[in-house]
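Q: Got a structure for you, written out below as structure tokens; questions coming shortly.
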Amino acid sequence: MNKGDYMDKGDYMDNVHRLSFVRLIGFSLFWTWLFLVAVSPSPTFGQLLVPWAIPFEIPEVGFRIAFLLVALSLRHLLATRMGSLALAAICVVAGPLTTLTLCLSPLPTFILFASVLAALTDAAMFLMWLCYFGYSKIGQTAFLLVMSYALGSVLCLAAIALGHNAMVALSAAAPIASGIAFIAATRNDAAAQGESLFEPADRPSNVSNIGMPKSLVFASIALALYAFVFAFFSARTASSEYAFSSGPVLQALCNIASAAIIISALLFSKKSSGLYGVYRSIPLIFALGFALFAVVPNAASSIAGACIMLAYLLFEALSLNDYCNVVKTNDSSLLKYMAIARLCASTGIFVGWVLNFGILHILGNKIEPEFLIAICLVVVVATSTLAFTDRSLNDLRNIADNRIAQEYIEQRPDKQLLVKEFASEQNLSKRETEVLEYLIAGRTTQYIASKLFIAESTARTHVHKIYAKTDTHDRMNLLDSFEEFCNRRQQPYQN
């Protein structure tokens, strides 16, 4: 090997840390821009209305859904080097044009055009950054996500404190800076050793066609339903006597709080268990918010709104992390999964705003707090008891453990050579040995079934037999047993 073919370890780690910092800054600018421009009521431009007095949020989210569907259909083109540059170019052009359009005229037609530009910027900036750092190591993805939420919120609050001119300047500059940061960062893909899923245009994609696990399907449904609750509450309160219980300022503060909660769960819990404990608290946080809004709406509406926003933001960040885990363990398309995630959230938000607008302006009724609480509580209870149950939660946690196993083997590829010896010692059959190789590599039963051309139920049966023969009860226990075997095999050579 010639000197210079690979970076030494110190240079490599410096490069990875630098790339992580660029990713953090780049994605945080997305949230800064979103809060300043595209969250109603905009702190920069106030309450924006398109023709027929429709709130800006409705067409913006509607166009966003359309653009995400287009991205899904073109995912094989977008998941390339040229596709990533196209997304960055959209941010650099459409982002500042959104601000310029809103500054030029307050006419509804101009605002409608701005909603198209804002939707295009949102979809492009979200996809390009999630597809760039979503393949990071277990824990790092969640950390980068919530830290970008928090840093973007801090920048937004700082711009608000500095006044209107600062908000206009930052809302125009943030997409440009984010796009440039993305282009600069992706030039170092080789140094990141595959952490980016954007591939050269002349190389065919190697992602699998394995379908989405049922647990993630249920998480997607829950994401849409919780987004509906969040949007329905925000739409009702944004232009009412309870305006201070929603809006971008409170949402920015809740982003900072959600980051603190998730980072604490990562730091003070074992492996992935802390994150899945946070999941279980989300229905309770929702319930607390609605209880406060029902009992003392005038005195505690801000706290109630903060609870509702915090619950949704926690679920959004955690579910995005699980989308990334599934992609890694099943060799799936990250761009596809990130588009689906944003599509689910956007659909829930769109329905929430449209329903509120319909009740207020078509039926001529005002949504009373009691009616609002009743609808939202029914959705939250249905989501937590029917759509996203403990079984789905445990399945997602198992997928996270699979990813830990996969990274364990990736870091110590020499141990993969000892799998067959371990299988022989445990008296595993030929088929069980094949399944064991995938298990040790962190693959899901869905992936194993696809690769071995067997039913998923058959793959699960082989897995249970392996656990029984190795006297283990789960993936992590099996890895511990395999680690002990490797240590025994390596000791004679070390001595």
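Each chain of the structure tokens is named A, B, ... in the order shown, its residues numbered from 1; ligands are numbered from 1 in display order.
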Which polymer residues have any atom within 10 Å of an atom of A:Leu439, counting only C-alpha atoms, with same-chain residues fewer than 4 positions away left out, as a tab-separated table (two decimals) with N, CA and C atoms, in the first residue's frame?
A:
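Final file, result-v8.tsv:
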chain	number	residue	atom	x	y	z
A	402	ASN	N	-30.22	-4.68	16.28
A	402	ASN	CA	-29.62	-5.26	15.07
A	402	ASN	C	-28.54	-4.33	14.52
A	405	ALA	N	-25.43	-4.59	16.46
A	405	ALA	CA	-24.71	-5.81	16.07
A	405	ALA	C	-23.98	-5.61	14.75
A	406	GLN	N	-24.64	-4.96	13.81
A	406	GLN	CA	-24.05	-4.74	12.50
A	406	GLN	C	-22.80	-3.87	12.62
A	433	THR	N	-26.60	-22.12	10.41
A	433	THR	CA	-25.32	-21.40	10.29
A	433	THR	C	-25.46	-20.22	9.34
A	434	GLU	N	-26.19	-20.43	8.23
A	434	GLU	CA	-26.43	-19.34	7.29
A	434	GLU	C	-27.21	-18.21	7.95
A	435	VAL	N	-28.22	-18.59	8.73
A	435	VAL	CA	-29.03	-17.58	9.44
A	435	VAL	C	-28.17	-16.88	10.49
A	443	ARG	N	-28.59	-8.29	10.74
A	443	ARG	CA	-29.70	-8.23	9.79
A	443	ARG	C	-31.01	-8.64	10.46
A	444	THR	N	-32.11	-8.09	9.95
A	444	THR	CA	-33.43	-8.41	10.48
A	444	THR	C	-33.91	-9.74	9.90
A	445	THR	N	-34.92	-10.34	10.54
A	445	THR	CA	-35.49	-11.59	10.02
A	445	THR	C	-36.11	-11.36	8.64
A	447	TYR	N	-34.95	-9.33	6.36
A	447	TYR	CA	-33.81	-9.33	5.43
A	447	TYR	C	-33.30	-10.76	5.22
A	448	ILE	N	-33.19	-11.52	6.31
A	448	ILE	CA	-32.69	-12.89	6.22
A	448	ILE	C	-33.60	-13.73	5.33
A	463	VAL	N	-34.14	-18.64	13.93
A	463	VAL	CA	-33.56	-17.74	14.92
A	463	VAL	C	-33.81	-18.28	16.33
A	466	ILE	N	-31.62	-21.19	17.06
A	466	ILE	CA	-30.25	-20.75	17.33
A	466	ILE	C	-30.13	-20.25	18.77
A	475	ARG	N	-30.70	-11.09	20.55
A	475	ARG	CA	-29.57	-10.78	19.70
A	475	ARG	C	-28.35	-10.32	20.50
A	478	LEU	N	-26.77	-13.14	22.30
A	478	LEU	CA	-26.04	-13.98	21.34
A	478	LEU	C	-24.69	-13.34	21.00
A	479	LEU	N	-24.68	-12.02	20.81
A	479	LEU	CA	-23.43	-11.33	20.52
A	479	LEU	C	-22.43	-11.46	21.67
Q: Tell me which protein, DNA and RNA residues are within 7 Å of stretch 60-72 of chain A, counting only C-alpha atoms, leaving out same-chain ones fewer than 5 positions away, and put them as a CSV table (one decimal) with all heavy atoms, in the first residue's frame.
A:
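In the end it all went to selection-v2.csv:
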chain,number,residue,atom,x,y,z
A,115,SER,N,-45.6,30.2,-1.4
A,115,SER,CA,-45.8,28.9,-0.7
A,115,SER,C,-45.3,27.8,-1.6
A,115,SER,O,-44.8,26.8,-1.1
A,115,SER,CB,-47.3,28.8,-0.5
A,115,SER,OG,-48.1,28.5,-1.7
A,116,VAL,N,-45.4,27.9,-2.9
A,116,VAL,CA,-44.8,26.9,-3.8
A,116,VAL,C,-43.3,26.9,-3.6
A,116,VAL,O,-42.7,25.8,-3.5
A,116,VAL,CB,-45.1,27.3,-5.3
A,116,VAL,CG1,-44.5,26.2,-6.2
A,116,VAL,CG2,-46.6,27.3,-5.5
A,118,ALA,N,-41.5,27.9,-1.0
A,118,ALA,CA,-41.2,27.4,0.3
A,118,ALA,C,-41.4,25.9,0.4
A,118,ALA,O,-40.5,25.2,1.1
A,118,ALA,CB,-42.2,28.0,1.4
A,119,ALA,N,-42.4,25.3,-0.2
A,119,ALA,CA,-42.6,23.9,-0.2
A,119,ALA,C,-41.4,23.2,-0.9
A,119,ALA,O,-40.9,22.1,-0.4
A,119,ALA,CB,-43.9,23.5,-0.9
A,120,LEU,N,-41.0,23.7,-2.0
A,120,LEU,CA,-39.9,23.2,-2.8
A,120,LEU,C,-38.6,23.2,-1.9
A,120,LEU,O,-37.8,22.2,-1.9
A,120,LEU,CB,-39.7,23.9,-4.1
A,120,LEU,CG,-38.8,23.3,-5.1
A,120,LEU,CD1,-39.2,21.9,-5.5
A,120,LEU,CD2,-38.8,24.2,-6.4
A,123,ALA,N,-38.8,20.5,1.0
A,123,ALA,CA,-38.6,19.2,0.6
A,123,ALA,C,-37.2,18.9,0.2
A,123,ALA,O,-36.6,17.9,0.6
A,123,ALA,CB,-39.5,18.8,-0.6
A,336,LYS,N,-35.7,7.2,-0.1
A,336,LYS,CA,-37.1,6.7,-0.1
A,336,LYS,C,-37.7,6.8,1.2
A,336,LYS,O,-38.8,7.3,1.4
A,336,LYS,CB,-37.1,5.3,-0.7
A,336,LYS,CG,-38.5,4.6,-0.5
A,336,LYS,CD,-38.4,3.1,-0.9
A,336,LYS,CE,-39.7,2.4,-0.6
A,336,LYS,NZ,-39.6,1.0,-1.0
A,339,ALA,N,-38.2,10.4,2.5
A,339,ALA,CA,-39.4,11.0,1.8
A,339,ALA,C,-40.7,10.5,2.3
A,339,ALA,O,-41.6,11.3,2.5
A,339,ALA,CB,-39.3,10.7,0.3
A,343,LEU,N,-43.4,12.8,4.2
A,343,LEU,CA,-44.7,12.7,3.6
A,343,LEU,C,-45.8,12.4,4.6
A,343,LEU,O,-46.9,13.0,4.6
A,343,LEU,CB,-44.7,11.7,2.5
A,343,LEU,CG,-46.0,11.6,1.6
A,343,LEU,CD1,-46.2,12.9,0.9
A,343,LEU,CD2,-45.8,10.4,0.6
A,346,SER,N,-46.2,15.5,6.9
A,346,SER,CA,-46.8,16.6,6.1
A,346,SER,C,-48.3,16.3,5.8
A,346,SER,O,-49.1,17.2,5.9
A,346,SER,CB,-46.1,16.8,4.8
A,346,SER,OG,-44.8,17.1,5.0
A,347,THR,N,-48.7,15.0,5.6
A,347,THR,CA,-50.1,14.7,5.4
A,347,THR,C,-50.9,15.0,6.6
A,347,THR,O,-52.0,15.5,6.6
A,347,THR,CB,-50.2,13.2,5.0
A,347,THR,OG1,-49.4,13.0,3.8
A,347,THR,CG2,-51.6,12.8,4.7
A,350,PHE,N,-51.3,18.7,7.0
A,350,PHE,CA,-52.2,19.2,6.0
A,350,PHE,C,-53.6,19.0,6.4
A,350,PHE,O,-54.5,19.9,6.4
A,350,PHE,CB,-51.9,18.6,4.7
A,350,PHE,CG,-52.8,19.1,3.5
A,350,PHE,CD1,-52.5,20.3,2.9
A,350,PHE,CD2,-53.8,18.3,3.0
A,350,PHE,CE1,-53.3,20.8,1.9
A,350,PHE,CE2,-54.6,18.7,2.0
A,350,PHE,CZ,-54.4,20.0,1.4
Q: I need the residues in stretch 5-106 of chain A that are alpha helix (DSSP H) according to DSSP; give them as a PyMOL selection string.
A: chain A and resi 9-33+57-73+75-78+81-104
Q: Please provide the set of residues having any atom within 12 Å of A:Ala304, restricted to only C-alpha atoms, with same-chain residues fewer than 2 positions apart removed, written as a PyMOL selection string.
A: chain A and resi 230+233-234+237+242+244-246+250+254+285-302+306-311+373
Q: A:Ala235: which residues within 12 Å, counting only C-alpha atoms, same-chain residues fewer than 3 positions away excluded, as an MDAnalysis selection string?
A: chainID A and resid 39:41 47 54:58 227:232 238:240 242:243 245:247 305 349:360 366:367 372
Q: A:Trp33, A:Trp52, A:Phe315, A:Tyr323: which is nearest A:Val146, counting only C-alpha atoms?
A: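 Closest to A:Val146 of all the choices is A:Phe315.
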Q: In Å, how far is it from atom CA of A:Tyr312 to atom CA of A:Val278?
A: 11.9 Å
Q: Can you tell me which residues surround A:Asn255 at a distance of at most 10 Å, considering only C-alpha atoms, apart from same-chain residues fewer than 2 positions away, and format the answer as a VMD selection string?
A: chain A and resid 31 146 to 154 249 to 253 257 to 261 306 309 to 310 313 to 314 317
Q: Between atom CA of A:Glu407 and atom CA of A:Lys137, what is the distance in Å, rounded to a tenth?
A: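 Spanning atom CA of A:Glu407 to atom CA of A:Lys137 is a straight-line distance of 7.5 Å.
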Q: Quick one: everything within 9 Å of A:Tyr408, counting only C-alpha atoms, minus sequence neighbours fewer than 6 positions away in the same chain. Send it as a ChimeraX atom specification.
A: /A:440-442
